[in-house]
Amino acid sequence: MKSGFVAMVGRPNVGKSTLTNRLCEEKVAIVSDKAGTTRDSIKGILTKGETQYVFIDTPGIHKPKHLLGEHMTNTAIRTLKEVDCILFILDGTQEISTGDQYVMERIVEAGNTPRIAVVNKSDLFSDEEYSAKLQEIKEKLGEFNDVIMLSSQFGFGVERLLNSLKEYMIDDCWYYPEDMYTDMPVYKIIGEIVREKLLERTKDEIPHSIAIEIINVNKRDEGQKDKFDVNIYVERESQKGIIIGKGGRLLKEVGTEARKDIERLLDRTIYLNLWVKVKDKWRKKKPFLKELGYYLDEE
Ligand SMILES: Nc1nc2c(ncn2[C@@H]2O[C@H](COP(=O)(O)OP(=O)(O)O)[C@@H](O)[C@H]2O)c(=O)[nH]1
Ligand SMILES: [Mg+2]
């Protein structure tokens, strides 16, 4: 038995969560085309042959603008110090920026942990562009133990990545049962699924203004459906109107889609009730962030 921990880091929107899901062959982390979708470190687990890989999907690393952003970046940076290998994920369609260099500085600060650069979205660039990218990585970021080109969305190159990672999985035990693919509790997954459905239907500032809290889980008797009550927090009255939608339509669609995903996951039918509440500037309020389970470092 062999195992190890792997951090997935990079700028927002490069495909860290998509890759985590692909590697674990399950939907562990929610994905969207909006930056800042992942707010906590999420573990995705893959046990293959004798090797157990524990992937830690992190929020994107960027210069924080508010308390939640600070929590997100700190979470990612803390993870760097706790792993056996770091995957630095890049969007191969974009030039390497100061944002990537900021991530690299954090990786270097974390010490001598082995690091692999992953050039993602290979379905969108050519082999020539990839050769140029290799040169650019060397010049702007520095040396890596390995560089791997892949497409998280389509799965090309994922096997190669697993083979490359194998040599760093050196603990002589497994930390999780063979069939476990995440350590996220069920209520947290439910909140994340609701958030994903909302993100698919909103834009601008709204995705960042949404927080989810599971307020009630009613366990029913055999043969009866469990009932989940979920609060959706937004920051302004106008946002509440948008989320509810004309005649309650948007909220209803979100509820139906989320319920179907949750039922598939739990393998049983449930009731799901969604409530929309306004909480002014919640992203800047420490007690409320704590209540939602976002851990904040004490200054
Ligand atoms: N074309 C393409 N799009 C991808 C790929 N991987 C991720 N994406 C898209 O990039 C966006 C951001 O993905 P996500 O995993 O949430 O990024 P994260 O913020 O780094 O976790 C989403 O719209 C994904 O569908 C890929 O390999 N190819
Ligand atoms: Mg993510």
# chains A, B, ... in the order shown; residues from 1 in each chain; ligands from 1
call {"tool": "residues_near_ligand", "arguments": {"ligand": "ligand 1", "cutoff": "6 Å", "atoms": "only C-alpha atoms and all ligand atoms", "output": "tab-separated table (two decimals) with N, CA and C atoms, in the first residue's frame"}}
result
chain	number	residue	atom	x	y	z
A	12	PRO	N	-7.42	31.45	-10.36
A	12	PRO	CA	-8.83	31.08	-10.54
A	12	PRO	C	-9.11	30.72	-12.00
A	13	ASN	N	-10.00	29.75	-12.19
A	13	ASN	CA	-10.54	29.44	-13.52
A	13	ASN	C	-9.62	28.67	-14.47
A	14	VAL	N	-8.52	28.13	-13.99
A	14	VAL	CA	-7.62	27.38	-14.88
A	14	VAL	C	-8.07	25.92	-15.05
A	15	GLY	N	-8.98	25.46	-14.16
A	15	GLY	CA	-9.50	24.09	-14.29
A	15	GLY	C	-9.10	23.15	-13.16
A	16	LYS	N	-8.79	23.68	-12.00
A	16	LYS	CA	-8.39	22.85	-10.86
A	16	LYS	C	-9.51	21.89	-10.44
A	17	SER	N	-10.72	22.42	-10.33
A	17	SER	CA	-11.83	21.58	-9.88
A	17	SER	C	-12.21	20.55	-10.94
A	18	THR	N	-12.18	20.96	-12.20
A	18	THR	CA	-12.48	20.01	-13.29
A	18	THR	C	-11.47	18.86	-13.26
A	31	VAL	N	-17.99	23.14	-10.46
A	31	VAL	CA	-17.22	23.80	-11.51
A	31	VAL	C	-18.08	24.89	-12.12
A	32	SER	N	-17.50	26.05	-12.42
A	32	SER	CA	-18.25	27.03	-13.20
A	32	SER	C	-17.28	27.89	-13.98
A	33	ASP	N	-17.82	28.70	-14.89
A	33	ASP	CA	-16.94	29.57	-15.67
A	33	ASP	C	-16.68	30.87	-14.92
A	35	ALA	N	-14.75	32.91	-11.83
A	35	ALA	CA	-13.61	32.79	-10.91
A	35	ALA	C	-14.12	32.77	-9.48
A	120	ASN	N	-3.17	22.85	-18.76
A	120	ASN	CA	-4.52	22.35	-18.98
A	120	ASN	C	-5.19	22.98	-20.22
A	121	LYS	N	-6.29	22.39	-20.61
A	121	LYS	CA	-7.12	22.81	-21.76
A	121	LYS	C	-6.42	22.52	-23.09
A	123	ASP	N	-7.19	20.67	-25.31
A	123	ASP	CA	-8.12	20.57	-26.45
A	123	ASP	C	-8.20	21.88	-27.21
A	124	LEU	N	-7.64	22.96	-26.64
A	124	LEU	CA	-7.78	24.28	-27.25
A	124	LEU	C	-6.48	24.86	-27.82
A	151	SER	N	-5.98	17.63	-20.91
A	151	SER	CA	-7.28	18.26	-20.96
A	151	SER	C	-8.15	17.65	-19.86
A	152	SER	N	-8.44	18.43	-18.85
A	152	SER	CA	-9.27	17.92	-17.75
A	152	SER	C	-10.65	17.62	-18.25
A	153	GLN	N	-11.11	18.44	-19.18
A	153	GLN	CA	-12.47	18.27	-19.66
A	153	GLN	C	-12.65	16.97	-20.44
call {"tool": "select_by_dssp", "arguments": {"residues": "region 211-264 of chain A", "states": "strand (DSSP E or B)", "output": "list in words"}}
result
Ala211, Ile212, Glu213, Ile214, Ile215, Asn216, Val217, Asn218, Asp226, Lys227, Phe228, Asp229, Val230, Asn231, Ile232, Tyr233 and Val234 of chain A
call {"tool": "write_last_selection", "arguments": {"atoms": "N, CA, C and O atoms", "output": "PDB file, in the first residue's frame"}}
result
ATOM      1  N   ALA A 211     -24.165  32.812  -0.415  1.00  0.00           N
ATOM      2  CA  ALA A 211     -23.698  31.859   0.597  1.00  0.00           C
ATOM      3  C   ALA A 211     -24.833  30.896   0.887  1.00  0.00           C
ATOM      4  O   ALA A 211     -26.010  31.255   0.799  1.00  0.00           O
ATOM      5  N   ILE A 212     -24.477  29.652   1.228  1.00  0.00           N
ATOM      6  CA  ILE A 212     -25.498  28.628   1.467  1.00  0.00           C
ATOM      7  C   ILE A 212     -25.364  28.100   2.881  1.00  0.00           C
ATOM      8  O   ILE A 212     -24.264  27.864   3.367  1.00  0.00           O
ATOM      9  N   GLU A 213     -26.490  27.900   3.524  1.00  0.00           N
ATOM     10  CA  GLU A 213     -26.474  27.302   4.865  1.00  0.00           C
ATOM     11  C   GLU A 213     -27.597  26.270   4.944  1.00  0.00           C
ATOM     12  O   GLU A 213     -28.732  26.558   4.591  1.00  0.00           O
ATOM     13  N   ILE A 214     -27.259  25.072   5.375  1.00  0.00           N
ATOM     14  CA  ILE A 214     -28.288  24.047   5.556  1.00  0.00           C
ATOM     15  C   ILE A 214     -28.854  24.267   6.956  1.00  0.00           C
ATOM     16  O   ILE A 214     -28.124  24.155   7.938  1.00  0.00           O
ATOM     17  N   ILE A 215     -30.130  24.647   7.056  1.00  0.00           N
ATOM     18  CA  ILE A 215     -30.641  24.982   8.380  1.00  0.00           C
ATOM     19  C   ILE A 215     -31.380  23.822   9.033  1.00  0.00           C
ATOM     20  O   ILE A 215     -31.538  23.775  10.228  1.00  0.00           O
ATOM     21  N   ASN A 216     -31.812  22.877   8.252  1.00  0.00           N
ATOM     22  CA  ASN A 216     -32.638  21.830   8.827  1.00  0.00           C
ATOM     23  C   ASN A 216     -32.552  20.544   8.021  1.00  0.00           C
ATOM     24  O   ASN A 216     -32.718  20.556   6.815  1.00  0.00           O
ATOM     25  N   VAL A 217     -32.271  19.468   8.669  1.00  0.00           N
ATOM     26  CA  VAL A 217     -32.355  18.175   8.003  1.00  0.00           C
ATOM     27  C   VAL A 217     -33.318  17.326   8.820  1.00  0.00           C
ATOM     28  O   VAL A 217     -33.038  16.984   9.957  1.00  0.00           O
ATOM     29  N   ASN A 218     -34.477  17.062   8.241  1.00  0.00           N
ATOM     30  CA  ASN A 218     -35.475  16.266   8.945  1.00  0.00           C
ATOM     31  C   ASN A 218     -35.404  14.816   8.515  1.00  0.00           C
ATOM     32  O   ASN A 218     -35.765  14.465   7.399  1.00  0.00           O
ATOM     33  N   ASP A 226     -36.687  12.252   3.369  1.00  0.00           N
ATOM     34  CA  ASP A 226     -36.011  13.239   4.225  1.00  0.00           C
ATOM     35  C   ASP A 226     -36.264  14.628   3.669  1.00  0.00           C
ATOM     36  O   ASP A 226     -36.416  14.818   2.469  1.00  0.00           O
ATOM     37  N   LYS A 227     -36.314  15.609   4.600  1.00  0.00           N
ATOM     38  CA  LYS A 227     -36.591  16.986   4.182  1.00  0.00           C
ATOM     39  C   LYS A 227     -35.398  17.878   4.527  1.00  0.00           C
ATOM     40  O   LYS A 227     -34.900  17.851   5.650  1.00  0.00           O
ATOM     41  N   PHE A 228     -34.925  18.641   3.537  1.00  0.00           N
ATOM     42  CA  PHE A 228     -33.794  19.556   3.750  1.00  0.00           C
ATOM     43  C   PHE A 228     -34.252  20.998   3.570  1.00  0.00           C
ATOM     44  O   PHE A 228     -34.868  21.322   2.551  1.00  0.00           O
ATOM     45  N   ASP A 229     -33.981  21.846   4.566  1.00  0.00           N
ATOM     46  CA  ASP A 229     -34.232  23.280   4.430  1.00  0.00           C
ATOM     47  C   ASP A 229     -32.903  23.993   4.248  1.00  0.00           C
ATOM     48  O   ASP A 229     -31.969  23.786   5.020  1.00  0.00           O
ATOM     49  N   VAL A 230     -32.839  24.824   3.209  1.00  0.00           N
ATOM     50  CA  VAL A 230     -31.574  25.454   2.853  1.00  0.00           C
ATOM     51  C   VAL A 230     -31.748  26.964   2.719  1.00  0.00           C
ATOM     52  O   VAL A 230     -32.641  27.420   1.996  1.00  0.00           O
ATOM     53  N   ASN A 231     -30.934  27.738   3.428  1.00  0.00           N
ATOM     54  CA  ASN A 231     -30.945  29.191   3.270  1.00  0.00           C
ATOM     55  C   ASN A 231     -29.950  29.613   2.206  1.00  0.00           C
ATOM     56  O   ASN A 231     -28.810  29.160   2.200  1.00  0.00           O
ATOM     57  N   ILE A 232     -30.408  30.486   1.311  1.00  0.00           N
ATOM     58  CA  ILE A 232     -29.505  31.095   0.333  1.00  0.00           C
ATOM     59  C   ILE A 232     -29.347  32.552   0.750  1.00  0.00           C
ATOM     60  O   ILE A 232     -30.332  33.294   0.783  1.00  0.00           O
ATOM     61  N   TYR A 233     -28.130  32.962   1.096  1.00  0.00           N
ATOM     62  CA  TYR A 233     -27.914  34.356   1.485  1.00  0.00           C
ATOM     63  C   TYR A 233     -27.376  35.151   0.311  1.00  0.00           C
ATOM     64  O   TYR A 233     -26.505  34.671  -0.424  1.00  0.00           O
ATOM     65  N   VAL A 234     -27.897  36.365   0.151  1.00  0.00           N
ATOM     66  CA  VAL A 234     -27.329  37.313  -0.805  1.00  0.00           C
ATOM     67  C   VAL A 234     -27.083  38.619  -0.051  1.00  0.00           C
ATOM     68  O   VAL A 234     -27.457  38.746   1.109  1.00  0.00           O
TER      69      VAL A 234
END
call {"tool": "select_by_dssp", "arguments": {"residues": "region 58-289 of chain A", "states": "helix (DSSP H, G or I)", "output": "mmCIF file with C-alpha atoms, in the first residue's frame"}}
result
data_model
loop_
_atom_site.group_PDB
_atom_site.id
_atom_site.type_symbol
_atom_site.label_atom_id
_atom_site.label_comp_id
_atom_site.auth_asym_id
_atom_site.auth_seq_id
_atom_site.Cartn_x
_atom_site.Cartn_y
_atom_site.Cartn_z
ATOM 1 C CA LEU A 67 -12.326 38.526 4.270
ATOM 2 C CA LEU A 68 -13.743 35.629 2.274
ATOM 3 C CA GLY A 69 -11.036 36.162 -0.371
ATOM 4 C CA GLU A 70 -8.418 36.174 2.370
ATOM 5 C CA HIS A 71 -9.795 32.907 3.736
ATOM 6 C CA MET A 72 -9.697 31.404 0.236
ATOM 7 C CA THR A 73 -6.095 32.387 -0.480
ATOM 8 C CA ASN A 74 -4.902 31.421 3.008
ATOM 9 C CA THR A 75 -6.589 28.041 2.631
ATOM 10 C CA ALA A 76 -4.713 27.397 -0.596
ATOM 11 C CA ILE A 77 -1.364 28.559 0.788
ATOM 12 C CA ARG A 78 -1.742 26.481 3.966
ATOM 13 C CA THR A 79 -2.383 23.398 1.812
ATOM 14 C CA LEU A 80 0.959 23.899 0.016
ATOM 15 C CA THR A 98 1.975 38.115 -12.882
ATOM 16 C CA GLY A 99 -0.916 36.222 -11.274
ATOM 17 C CA ASP A 100 0.833 32.921 -12.112
ATOM 18 C CA GLN A 101 4.116 34.319 -10.821
ATOM 19 C CA TYR A 102 2.374 35.249 -7.561
ATOM 20 C CA VAL A 103 1.271 31.594 -7.218
ATOM 21 C CA MET A 104 4.812 30.391 -8.011
ATOM 22 C CA GLU A 105 6.271 32.636 -5.272
ATOM 23 C CA ARG A 106 3.881 31.013 -2.757
ATOM 24 C CA ILE A 107 4.973 27.541 -3.955
ATOM 25 C CA VAL A 108 8.651 28.434 -3.557
ATOM 26 C CA GLU A 109 7.937 29.834 -0.080
ATOM 27 C CA SER A 122 -4.968 20.994 -24.361
ATOM 28 C CA ASP A 123 -8.121 20.569 -26.447
ATOM 29 C CA LEU A 124 -7.781 24.281 -27.251
ATOM 30 C CA ASP A 127 1.569 21.140 -30.318
ATOM 31 C CA GLU A 128 3.547 24.167 -31.545
ATOM 32 C CA GLU A 129 1.848 26.380 -29.001
ATOM 33 C CA TYR A 130 2.696 23.803 -26.337
ATOM 34 C CA SER A 131 6.407 23.859 -27.233
ATOM 35 C CA ALA A 132 6.391 27.637 -26.873
ATOM 36 C CA LYS A 133 4.583 27.247 -23.547
ATOM 37 C CA LEU A 134 7.330 24.949 -22.211
ATOM 38 C CA GLN A 135 9.892 27.664 -22.936
ATOM 39 C CA GLU A 136 7.666 30.311 -21.352
ATOM 40 C CA ILE A 137 7.274 28.202 -18.185
ATOM 41 C CA LYS A 138 11.052 27.888 -17.847
ATOM 42 C CA GLU A 139 11.610 31.603 -18.331
ATOM 43 C CA LYS A 140 8.783 33.040 -16.264
ATOM 44 C CA VAL A 158 -4.613 12.207 -17.190
ATOM 45 C CA GLU A 159 -3.017 8.724 -17.137
ATOM 46 C CA ARG A 160 0.381 10.280 -17.778
ATOM 47 C CA LEU A 161 -0.147 12.626 -14.845
ATOM 48 C CA LEU A 162 -1.027 9.743 -12.517
ATOM 49 C CA ASN A 163 2.115 7.855 -13.573
ATOM 50 C CA SER A 164 4.245 10.915 -12.942
ATOM 51 C CA LEU A 165 2.673 11.441 -9.522
ATOM 52 C CA LYS A 166 3.168 7.843 -8.439
ATOM 53 C CA VAL A 186 -23.258 15.077 2.838
ATOM 54 C CA TYR A 187 -24.760 18.384 4.035
ATOM 55 C CA LYS A 188 -21.794 20.274 2.604
ATOM 56 C CA ILE A 189 -22.149 18.540 -0.773
ATOM 57 C CA ILE A 190 -25.847 19.478 -0.800
ATOM 58 C CA GLY A 191 -24.989 23.142 -0.191
ATOM 59 C CA GLU A 192 -22.385 23.060 -2.943
ATOM 60 C CA ILE A 193 -24.812 21.523 -5.446
ATOM 61 C CA VAL A 194 -27.369 24.270 -4.730
ATOM 62 C CA ARG A 195 -24.625 26.885 -5.154
ATOM 63 C CA GLU A 196 -23.568 25.358 -8.472
ATOM 64 C CA LYS A 197 -27.099 25.557 -9.876
ATOM 65 C CA LEU A 198 -27.317 29.202 -8.812
ATOM 66 C CA LEU A 199 -23.941 30.027 -10.378
ATOM 67 C CA GLU A 200 -25.110 28.586 -13.702
ATOM 68 C CA ARG A 201 -27.954 31.111 -13.783
ATOM 69 C CA ILE A 206 -24.199 37.748 -7.721
ATOM 70 C CA PRO A 207 -22.156 34.496 -7.823
ATOM 71 C CA HIS A 208 -19.743 35.989 -5.288
ATOM 72 C CA SER A 209 -22.577 37.272 -3.113
ATOM 73 C CA GLU A 237 -32.595 43.097 -1.729
ATOM 74 C CA SER A 238 -32.227 43.491 -5.537
ATOM 75 C CA GLN A 239 -30.183 40.274 -5.687
ATOM 76 C CA LYS A 240 -32.896 38.456 -3.769
ATOM 77 C CA GLY A 241 -35.394 39.473 -6.451
ATOM 78 C CA ILE A 242 -33.143 38.153 -9.217
ATOM 79 C CA ILE A 243 -32.596 34.818 -7.502
ATOM 80 C CA ILE A 244 -36.272 34.271 -6.860
ATOM 81 C CA LYS A 246 -40.273 36.214 -12.146
ATOM 82 C CA GLY A 247 -43.083 34.396 -10.376
ATOM 83 C CA GLY A 248 -40.468 32.396 -8.452
ATOM 84 C CA ARG A 249 -39.316 30.676 -11.619
ATOM 85 C CA LEU A 250 -35.549 30.793 -11.232
ATOM 86 C CA LEU A 251 -35.593 29.523 -7.663
ATOM 87 C CA LYS A 252 -37.949 26.733 -8.649
ATOM 88 C CA GLU A 253 -35.664 25.589 -11.486
ATOM 89 C CA VAL A 254 -32.646 25.678 -9.184
ATOM 90 C CA GLY A 255 -34.534 23.639 -6.590
ATOM 91 C CA THR A 256 -35.640 20.990 -9.071
ATOM 92 C CA GLU A 257 -32.202 20.559 -10.649
ATOM 93 C CA ALA A 258 -30.380 20.511 -7.327
ATOM 94 C CA ARG A 259 -32.860 18.004 -5.899
ATOM 95 C CA LYS A 260 -32.324 15.642 -8.857
ATOM 96 C CA ASP A 261 -28.523 15.771 -8.430
ATOM 97 C CA ILE A 262 -28.802 15.231 -4.681
ATOM 98 C CA GLU A 263 -31.191 12.311 -5.132
ATOM 99 C CA ARG A 264 -28.763 10.690 -7.579
ATOM 100 C CA LEU A 265 -25.974 11.158 -5.061
ATOM 101 C CA LEU A 266 -27.917 9.832 -2.057
ATOM 102 C CA TRP A 282 -21.706 39.002 4.690
ATOM 103 C CA ARG A 283 -18.363 38.468 2.967
ATOM 104 C CA LYS A 284 -16.803 41.015 5.311
ATOM 105 C CA LYS A 286 -16.210 37.413 10.537
ATOM 106 C CA PRO A 287 -18.854 35.899 12.861
ATOM 107 C CA PHE A 288 -21.104 35.100 9.918
ATOM 108 C CA LEU A 289 -18.277 33.556 7.883
#
call {"tool": "closest_residue", "arguments": {"among": "A:Ala29, A:Ile42, A:Val54, A:Val9", "to": "Phe88 (chain A)", "atoms": "only C-alpha atoms"}}
result
A:Val9
call {"tool": "closest_residue", "arguments": {"among": "A:Arg22, A:Lys277, A:Arg236, A:Arg268", "to": "Leu46 (chain A)", "atoms": "only C-alpha atoms"}}
result
A:Arg22
